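*Asks:* Could you have a look at this structure, given as C-alpha cells, before my questions?
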Amino acid sequence: MIDRRTWSAAMLGVLAVPVRAAEPVPTGDNILRVPFEAAETGFDPARVGDIYSARVTAHIFEAPYRYDLFALPVKVRPLTAAALPEVSGDFRVWTIHLQSGIFFADDPAFKGKPRELVANDYLYAIKRFADPATRSPNLSGLEEEGIVGLDAVRAAALREKARFDYDAPVEGLRLLDRYTFQIRLRAPRPRFVQTNLCSSASLGAVAREVVEFYGEEIVAHPVGTGPYRLKEWRRSSRIVLERNPTYRDVRYDGEPNADDAPAQALLARFKGRRLPLNDGVEIAVLEEGQSRWLSFVNGLIDWVRVPPEFAGIAVPGGNLAPNLVKRGVQLRRYVNSDFTMSYWNMDDPVVGGYTPAKVALRRAMGLAYNTDREIRIARRGAAVAAQAPMPPGTFGYDPAYRSENGDYDPARAKALLDIYGYVDRNGDGWRGQPNGAPLVLQMGTQTSQFERQLDENWQKSLAAVGLRVRFKTAQWPENYKAARAGKLQMWGLGSTATAPDGQLALGSMYGPQAGSQNLAGFRLPAFDALYERMLVLPDGPERAALFLEASKLALAYMPYKIHVHRIYNDLSQPWISGYRQALFRNEAWQFVEVDAALRQGLTR
C-alpha cells in the first residue's frame, strides 16, 4: 500500500472515512483497473443505452470503422473493413468490404470450431435493432437513417405477432459476397459512417449462432471480434475482461497533430506494438466519489476522473497537487464533449404538455435553477454553463452563442408563474396549479453524495420561487428503465458525444425517438422538420443555421434544462502509460500499458 504518511492532512481525513473501495483481487500483472461511476445494464450491443455498458461492448465488439487514435479533427480509419466505404454521390448507398481472416473469440456457441467474421454478421447485427423482441433503446436512431425495407420486416413481425424473420430479404441490406455488404438508404446521409459505422459499442458484428445459443441470457454472454472477452461479471459490482487470445495482429498507430506533444510522445513510444498492450481490464462499480478517490489513493485502481468534491485536494486551481506530482501521477484536464441535463416528461399531466401554462411552468423552473451554484458547490468549478444542447467539439456547437438557457433569473420565473396562475391560494407558502390543485413536483435521483448535492440545488432553486419538489431514489439502471417507460416526471442525466456531429444530441428532442433517446417524449412537428432537414444536408453554413433554429425551438418549449459542459480532471497512476480519453470513442483500454513491476514497488 502507499505510505499514507506522505499525504497531506486533508488527504488523511479522506482516508479515514469508512467507504467502499475497489476490491484488490489478484488476476495477473499487466491488468488495467478502472472504476465506473454508475452500474452497467448488460452487454448486448443492440440493447445498450447507457455509457457504462457501451464502454464494455466497445472493447468486445468491433464496427467496420474507427476513429484515428489521435487525429483532430477526427479521421475515419478501417477497423474490420479492408478500406474506407464506397459511397454513392447522393450519400444513399454505402458499400463496405471487410478483411478476411478475422475471427470471433472462441465460445461454446461455435461448437469448438473457429468462426470467421463475414459480411452477414453486420447485416444480422443491424436487423437485431428492428426485431421487436430485442426491445432496442436505439431503434429510433437507426430508423431515422432510413434503411430501405427494414421497417417493413419489423412491421410484419408486429402485425402478425410473429418472430422477426431474419432471413427475409431487405432491399437496403444487401450481401454482395462473403466479405462485402451494402446499405441502401431512403434519403441522403452524408455522415452515416461517423454516426453508425464507427460505433463498436452498438454496431459491432454479432454472430447469429451466439444469440440463438444464449437467448435472453445474451446480455451476459457478449462474443465479438475485439481485443477483449468477458471473463467475469457481478452485476452492478465488478466486471473483468481478459485479452482475447484469438485477436488478430493489430498494431498501435495514429496521426497526432503536430502541436499535440503528449500524443506525439505516445506514438513514438508505442508505434508498431501489438494490441492490446495489457492482458485485461478489471472494472469496479464505485458510485460514491469517496470510494473512487480512496481506491485511487490506495493504488487499487489505475485511473480516476477526479470526483468534484475532491477537486480542491487533487487539482487546486486547475493544477495537479504537489504531492501527486511527487508521486508521478499524471493529469489530463479538458472540457468534455458532453452536456448534463434535466428533463420534464412531456406526457406528465403536471409538467408536460404544450399549452402556454405548462410551457411557462417549465421555463420558470429553468430560469429558477441556479446553474452557477451547481458549478461552484457540487462541481467545485469543474464545468462551464451550457447555452444549447450541442456538445463542444461537434458540428453545430457555437462557443459564442448565448441564450435564456444560461440565465438564472428567479424574478422572471416568479412573474411567469404568477401570470399563468401558479399561485399560493391557501397561504402555506407553496404555489398550486392553475386549477387550484396542489403542486408537488417529483424528481428521480440516485444515492450518491454528488447526486444529493444536485438535488439540494434543485430544492433550493425551486423553493426560492415557491415550488415544492420531492425525490424518488433508485439506482441508475432502474431510473433509466423507468425513464424509457415514461414513469418519471423529472430526472437528470448526462449525454456524451459519440460522433463529431451535434445532431446526435438533438435526437433527445426528436419526436420519433420518444421512449429511447428522447426521454422527455418531446414531439413538435416544427422541430422534427428541422431535424430531418439537417440529416440530409452536408456540413456547411446552411446546416449550421438550422442548429440555431432548433435550439431556439427547444428553448421555447423547454422539454429539457441543459445544465453544463463538464471539465474533466483525469488522473492516472505512474505505472500506466497511454491512457487518453479522447473524443467520440469509448474503445481506449487496449492502448494502455501497465508496468507491473513499478506498480508492485510503489504499492508494496
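In the C-alpha cells, chains take the letters A, B, ... in the order shown, each chain's residues start at 1, and ligands count up from 1 in the order shown.
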Quick one: residues within 8 Å of Lys271 of chain A, only C-alpha atoms counted, chain neighbours fewer than 3 positions away excluded, as a list in words?
*Replies:*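 The filter keeps Arg251, Tyr252, Asp253, Leu266, Leu267 and Ala268 of chain A.
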*Asks:* Running DSSP on the backbone, which parts of segment 24-202 of chain A land in alpha helix (DSSP H), as a PyMOL selection string?
*Replies:* chain A and resi 51-60+119-130+139-143+150-160+192+200-202
*Asks:* What are the DSSP strand (DSSP E or B) residues of segment 273-385 of chain A, as an NGL selection string?
*Replies:* :A and (274 or 280-285 or 303-305 or 330-335 or 338-344 or 383-385)
*Asks:* Using only C-alpha atoms, find the one residue out of A:Gly515, A:Gly312, A:Gly352, A:Pro85 that sits nearest to Pro137 of chain A.
*Replies:*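 Closest candidate: A:Gly515.
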*Asks:* Please provide the set of residues having any atom within 6 Å of Val594 of chain A, restricted to only C-alpha atoms, with same-chain residues fewer than 5 positions apart removed, written as a PyMOL selection string.
*Replies:* chain A and resi 30+575-576
*Asks:* Pull N, CA and C atoms from the residues just selected and write them as a PDB file, in the first residue's frame.
*Replies:*
ATOM      1  N   ASN A  30      -0.206  -7.505 -15.708  1.00  0.00           N
ATOM      2  CA  ASN A  30      -0.472  -6.424 -16.654  1.00  0.00           C
ATOM      3  C   ASN A  30      -1.971  -6.234 -16.830  1.00  0.00           C
ATOM      4  N   TRP A 575       2.320   4.036 -12.948  1.00  0.00           N
ATOM      5  CA  TRP A 575       2.671   2.755 -13.562  1.00  0.00           C
ATOM      6  C   TRP A 575       1.860   2.433 -14.815  1.00  0.00           C
ATOM      7  N   ILE A 576       0.983   3.331 -15.249  1.00  0.00           N
ATOM      8  CA  ILE A 576       0.300   3.089 -16.519  1.00  0.00           C
ATOM      9  C   ILE A 576       0.695   4.166 -17.521  1.00  0.00           C
TER      10      ILE A 576
END
*Asks:* Which residues are close to Asp338 of chain A, i.e. within 12 Å by only C-alpha atoms, leaving aside same-chain residues fewer than 3 positions away? Reply as an MDAnalysis selection string.
*Replies:* chainID A and resid 51 334:335 341 383:386 388:394 397 493:502 504:505 562:568 583:584
*Asks:* Those residues with C-alpha atoms, as a JSON list (two decimals), in the first residue's frame please?
*Replies:*
[["chain", "number", "residue", "atom", "x", "y", "z"],
["A", 51, "ILE", "CA", -22.43, 4.84, -21.48],
["A", 334, "TYR", "CA", -10.19, 19.19, -20.60],
["A", 335, "VAL", "CA", -13.73, 20.31, -21.35],
["A", 341, "MET", "CA", -29.47, 17.97, -18.45],
["A", 383, "ALA", "CA", -17.83, 22.83, -15.51],
["A", 384, "VAL", "CA", -18.95, 25.65, -17.77],
["A", 385, "ALA", "CA", -22.57, 26.72, -18.17],
["A", 386, "ALA", "CA", -24.24, 25.33, -21.29],
["A", 388, "ALA", "CA", -27.63, 24.91, -26.07],
["A", 389, "PRO", "CA", -27.94, 21.12, -26.41],
["A", 390, "MET", "CA", -24.84, 20.60, -28.56],
["A", 391, "PRO", "CA", -21.59, 19.27, -27.07],
["A", 392, "PRO", "CA", -18.32, 21.17, -27.50],
["A", 393, "GLY", "CA", -16.23, 19.90, -30.38],
["A", 394, "THR", "CA", -19.18, 18.81, -32.51],
["A", 397, "TYR", "CA", -21.72, 23.91, -31.35],
["A", 493, "LEU", "CA", -28.51, 12.78, -16.51],
["A", 494, "GLY", "CA", -25.72, 13.49, -18.99],
["A", 495, "SER", "CA", -25.07, 13.00, -22.68],
["A", 496, "THR", "CA", -21.61, 12.43, -24.16],
["A", 497, "ALA", "CA", -20.93, 12.81, -27.87],
["A", 498, "THR", "CA", -20.13, 9.57, -29.70],
["A", 499, "ALA", "CA", -19.53, 11.23, -33.07],
["A", 500, "PRO", "CA", -18.32, 14.66, -34.23],
["A", 501, "ASP", "CA", -21.83, 15.85, -35.05],
["A", 502, "GLY", "CA", -24.14, 17.76, -32.70],
["A", 504, "LEU", "CA", -26.98, 13.18, -32.32],
["A", 505, "ALA", "CA", -27.54, 15.26, -29.19],
["A", 562, "ILE", "CA", -29.40, 21.95, -20.26],
["A", 563, "HIS", "CA", -27.02, 22.49, -17.35],
["A", 564, "VAL", "CA", -23.28, 22.36, -18.02],
["A", 565, "HIS", "CA", -20.43, 21.03, -20.08],
["A", 566, "ARG", "CA", -18.19, 19.15, -17.65],
["A", 567, "ILE", "CA", -14.50, 19.86, -17.16],
["A", 568, "TYR", "CA", -12.77, 16.56, -16.50],
["A", 583, "LEU", "CA", -13.37, 12.49, -28.04],
["A", 584, "PHE", "CA", -16.07, 10.39, -29.70]]
*Asks:* Which of these residues is nearest to Val170 of chain A, using only C-alpha atoms: A:Gly466, A:Gly436, A:Pro45, A:Gly149?
*Replies:*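 Using only C-alpha atoms, the shortest distance to Val170 of chain A belongs to A:Gly149.
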*Asks:* With only C-alpha atoms as the basis for distance, which of A:Arg115, A:Arg332, A:Arg55, A:Arg191 is at the shortest distance from Ser572 of chain A?
*Replies:*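 The answer is A:Arg332, which sits nearest to Ser572 of chain A.
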*Asks:* Counting only C-alpha atoms, which of A:Leu197, A:Ile239, A:Val440, A:Ile96 gets nearest to Val76 of chain A?
*Replies:*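 The closest residue to Val76 of chain A is A:Leu197.
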*Asks:* Which residue out of A:Val281, A:Ala382, A:Ala83, A:Leu462 has the minimum interatomic distance to Asp409 of chain A when only C-alpha atoms are used?
*Replies:*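 Answer, going by the shortest atom-to-atom distance: A:Leu462.
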*Asks:* What lies within 12 Å of Pro262 of chain A using only C-alpha atoms, ignoring chain neighbours under 6 positions off, as a PyMOL selection string?
*Replies:* chain A and resi 70+256+268-269+330-332+577-580
*Asks:* Keeping only N, CA and C atoms, write the selected residues as an mmCIF file, in the first residue's frame.
*Replies:*
data_model
loop_
_atom_site.group_PDB
_atom_site.id
_atom_site.type_symbol
_atom_site.label_atom_id
_atom_site.label_comp_id
_atom_site.auth_asym_id
_atom_site.auth_seq_id
_atom_site.Cartn_x
_atom_site.Cartn_y
_atom_site.Cartn_z
ATOM 1 N N PHE A 70 -5.593 9.624 -32.467
ATOM 2 C CA PHE A 70 -5.180 10.968 -32.061
ATOM 3 C C PHE A 70 -5.758 12.104 -32.899
ATOM 4 N N PRO A 256 -1.207 11.978 -34.732
ATOM 5 C CA PRO A 256 -1.406 13.138 -33.855
ATOM 6 C C PRO A 256 -1.079 14.440 -34.575
ATOM 7 N N ALA A 268 5.514 7.835 -30.484
ATOM 8 C CA ALA A 268 6.929 7.474 -30.563
ATOM 9 C C ALA A 268 7.243 6.261 -29.692
ATOM 10 N N ARG A 269 6.571 6.155 -28.566
ATOM 11 C CA ARG A 269 6.847 5.057 -27.640
ATOM 12 C C ARG A 269 6.215 3.740 -28.082
ATOM 13 N N GLN A 330 -0.231 11.471 -13.261
ATOM 14 C CA GLN A 330 -0.386 12.305 -14.447
ATOM 15 C C GLN A 330 -1.789 12.892 -14.499
ATOM 16 N N LEU A 331 -1.911 14.153 -14.933
ATOM 17 C CA LEU A 331 -3.193 14.854 -15.049
ATOM 18 C C LEU A 331 -3.482 15.170 -16.502
ATOM 19 N N ARG A 332 -4.716 14.921 -16.917
ATOM 20 C CA ARG A 332 -5.218 15.428 -18.195
ATOM 21 C C ARG A 332 -6.515 16.165 -17.910
ATOM 22 N N SER A 577 0.740 3.769 -18.775
ATOM 23 C CA SER A 577 1.111 4.682 -19.857
ATOM 24 C C SER A 577 0.118 4.540 -20.998
ATOM 25 N N GLY A 578 -0.241 5.659 -21.578
ATOM 26 C CA GLY A 578 -1.066 5.634 -22.773
ATOM 27 C C GLY A 578 -2.539 5.906 -22.555
ATOM 28 N N TYR A 579 -2.952 6.141 -21.288
ATOM 29 C CA TYR A 579 -4.387 6.370 -21.056
ATOM 30 C C TYR A 579 -4.748 7.749 -21.592
ATOM 31 N N ARG A 580 -5.680 7.748 -22.539
ATOM 32 C CA ARG A 580 -6.063 9.002 -23.197
ATOM 33 C C ARG A 580 -7.533 8.910 -23.561
#
*Asks:* Compare A:Asn405, A:Thr57, A:Ser202, A:Asn244 by their minimum atom-to-atom distance to Lys552 of chain A, counting only C-alpha atoms, and give me the closest one.
*Replies:* A:Asn405
*Asks:* So that I can check the surroundings of Val250 of chain A, please list as an MDAnalysis selection string every protein, DNA and RNA residue that reaches within 12 Å of it, counting only C-alpha atoms and ignoring chain neighbours fewer than 6 positions away.
*Replies:* chainID A and resid 78:80 102 225:227 271:277 590:591
*Asks:* Kindly provide the residues of segment 20-129 of chain A that approach segment 229-235 of chain A to within 8 Å, each paired with its closest atom pair and their distance in Å to one decimal, based on only C-alpha atoms, listed by chain and increasing number, as a Markdown table.
*Replies:*
| residue | atom | partner | partner_atom | distance |
| --- | --- | --- | --- | --- |
| A:Ala39 | CA | A:Arg235 | CA | 7.8 |
| A:Glu40 | CA | A:Arg235 | CA | 7.5 |
| A:Ile60 | CA | A:Arg229 | CA | 5.6 |
| A:Ala105 | CA | A:Arg229 | CA | 7.1 |
*Asks:* Would you write out those residues with C-alpha atoms, as a tab-separated table (two decimals), in the first residue's frame?
*Replies:*
chain	number	residue	atom	x	y	z
A	39	ALA	CA	-23.85	0.48	-12.79
A	40	GLU	CA	-24.00	-1.14	-16.19
A	60	ILE	CA	-15.52	-6.69	-27.09
A	105	ALA	CA	-13.47	-15.08	-29.77
*Asks:* Please identify all polymer residues within 10 Å of Glu144 of chain A, counting only C-alpha atoms, omitting same-chain residues fewer than 4 positions from it, and present them as a PDB file with N, CA and C atoms, in the first residue's frame.
*Replies:*
ATOM      1  N   LEU A 139     -33.376   1.819 -31.398  1.00  0.00           N
ATOM      2  CA  LEU A 139     -34.082   1.549 -32.646  1.00  0.00           C
ATOM      3  C   LEU A 139     -34.428   2.830 -33.386  1.00  0.00           C
ATOM      4  N   SER A 140     -34.935   3.823 -32.673  1.00  0.00           N
ATOM      5  CA  SER A 140     -35.384   5.042 -33.351  1.00  0.00           C
ATOM      6  C   SER A 140     -34.229   5.743 -34.042  1.00  0.00           C
ATOM      7  N   LEU A 185     -30.067   3.583 -48.348  1.00  0.00           N
ATOM      8  CA  LEU A 185     -30.869   4.469 -47.517  1.00  0.00           C
ATOM      9  C   LEU A 185     -31.909   5.200 -48.354  1.00  0.00           C
ATOM     10  N   ARG A 186     -33.021   5.545 -47.727  1.00  0.00           N
ATOM     11  CA  ARG A 186     -34.094   6.230 -48.453  1.00  0.00           C
ATOM     12  C   ARG A 186     -33.721   7.659 -48.810  1.00  0.00           C
ATOM     13  N   ALA A 187     -32.871   8.282 -47.995  1.00  0.00           N
ATOM     14  CA  ALA A 187     -32.517   9.682 -48.201  1.00  0.00           C
ATOM     15  C   ALA A 187     -31.015   9.852 -47.982  1.00  0.00           C
ATOM     16  N   ARG A 189     -27.539  10.564 -46.427  1.00  0.00           N
ATOM     17  CA  ARG A 189     -26.998  10.612 -45.065  1.00  0.00           C
ATOM     18  C   ARG A 189     -25.484  10.820 -45.164  1.00  0.00           C
ATOM     19  N   GLY A 507     -31.141  14.550 -31.032  1.00  0.00           N
ATOM     20  CA  GLY A 507     -32.046  13.412 -31.053  1.00  0.00           C
ATOM     21  C   GLY A 507     -32.822  13.255 -29.767  1.00  0.00           C
ATOM     22  N   TYR A 510     -36.092  14.756 -30.720  1.00  0.00           N
ATOM     23  CA  TYR A 510     -36.723  14.365 -31.981  1.00  0.00           C
ATOM     24  C   TYR A 510     -37.893  13.427 -31.686  1.00  0.00           C
ATOM     25  N   PRO A 512     -39.785  11.064 -33.196  1.00  0.00           N
ATOM     26  CA  PRO A 512     -39.759   9.613 -33.406  1.00  0.00           C
ATOM     27  C   PRO A 512     -38.832   8.865 -32.445  1.00  0.00           C
ATOM     28  N   GLN A 513     -37.966   9.580 -31.733  1.00  0.00           N
ATOM     29  CA  GLN A 513     -37.094   8.910 -30.773  1.00  0.00           C
ATOM     30  C   GLN A 513     -37.666   8.931 -29.350  1.00  0.00           C
ATOM     31  N   GLU A 532     -34.999  16.710 -39.531  1.00  0.00           N
ATOM     32  CA  GLU A 532     -34.942  15.879 -40.728  1.00  0.00           C
ATOM     33  C   GLU A 532     -34.244  16.600 -41.877  1.00  0.00           C
ATOM     34  N   LEU A 535     -30.508  16.241 -41.370  1.00  0.00           N
ATOM     35  CA  LEU A 535     -29.976  14.919 -41.666  1.00  0.00           C
ATOM     36  C   LEU A 535     -29.427  14.811 -43.082  1.00  0.00           C
TER      37      LEU A 535
END
*Asks:* Could you jot down the atom CA of Tyr124 of chain A to atom CA of Ala207 of chain A separation for me, Å, one decimal place?
*Replies:*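 Atom CA of Tyr124 of chain A sits 7.7 Å away from atom CA of Ala207 of chain A.
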*Asks:* Just give me the gap between atom CA of Val211 of chain A and atom CA of Arg128 of chain A in Å, one decimal is fine.
*Replies:*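 Separating atom CA of Val211 of chain A from atom CA of Arg128 of chain A is a distance of 9.9 Å.
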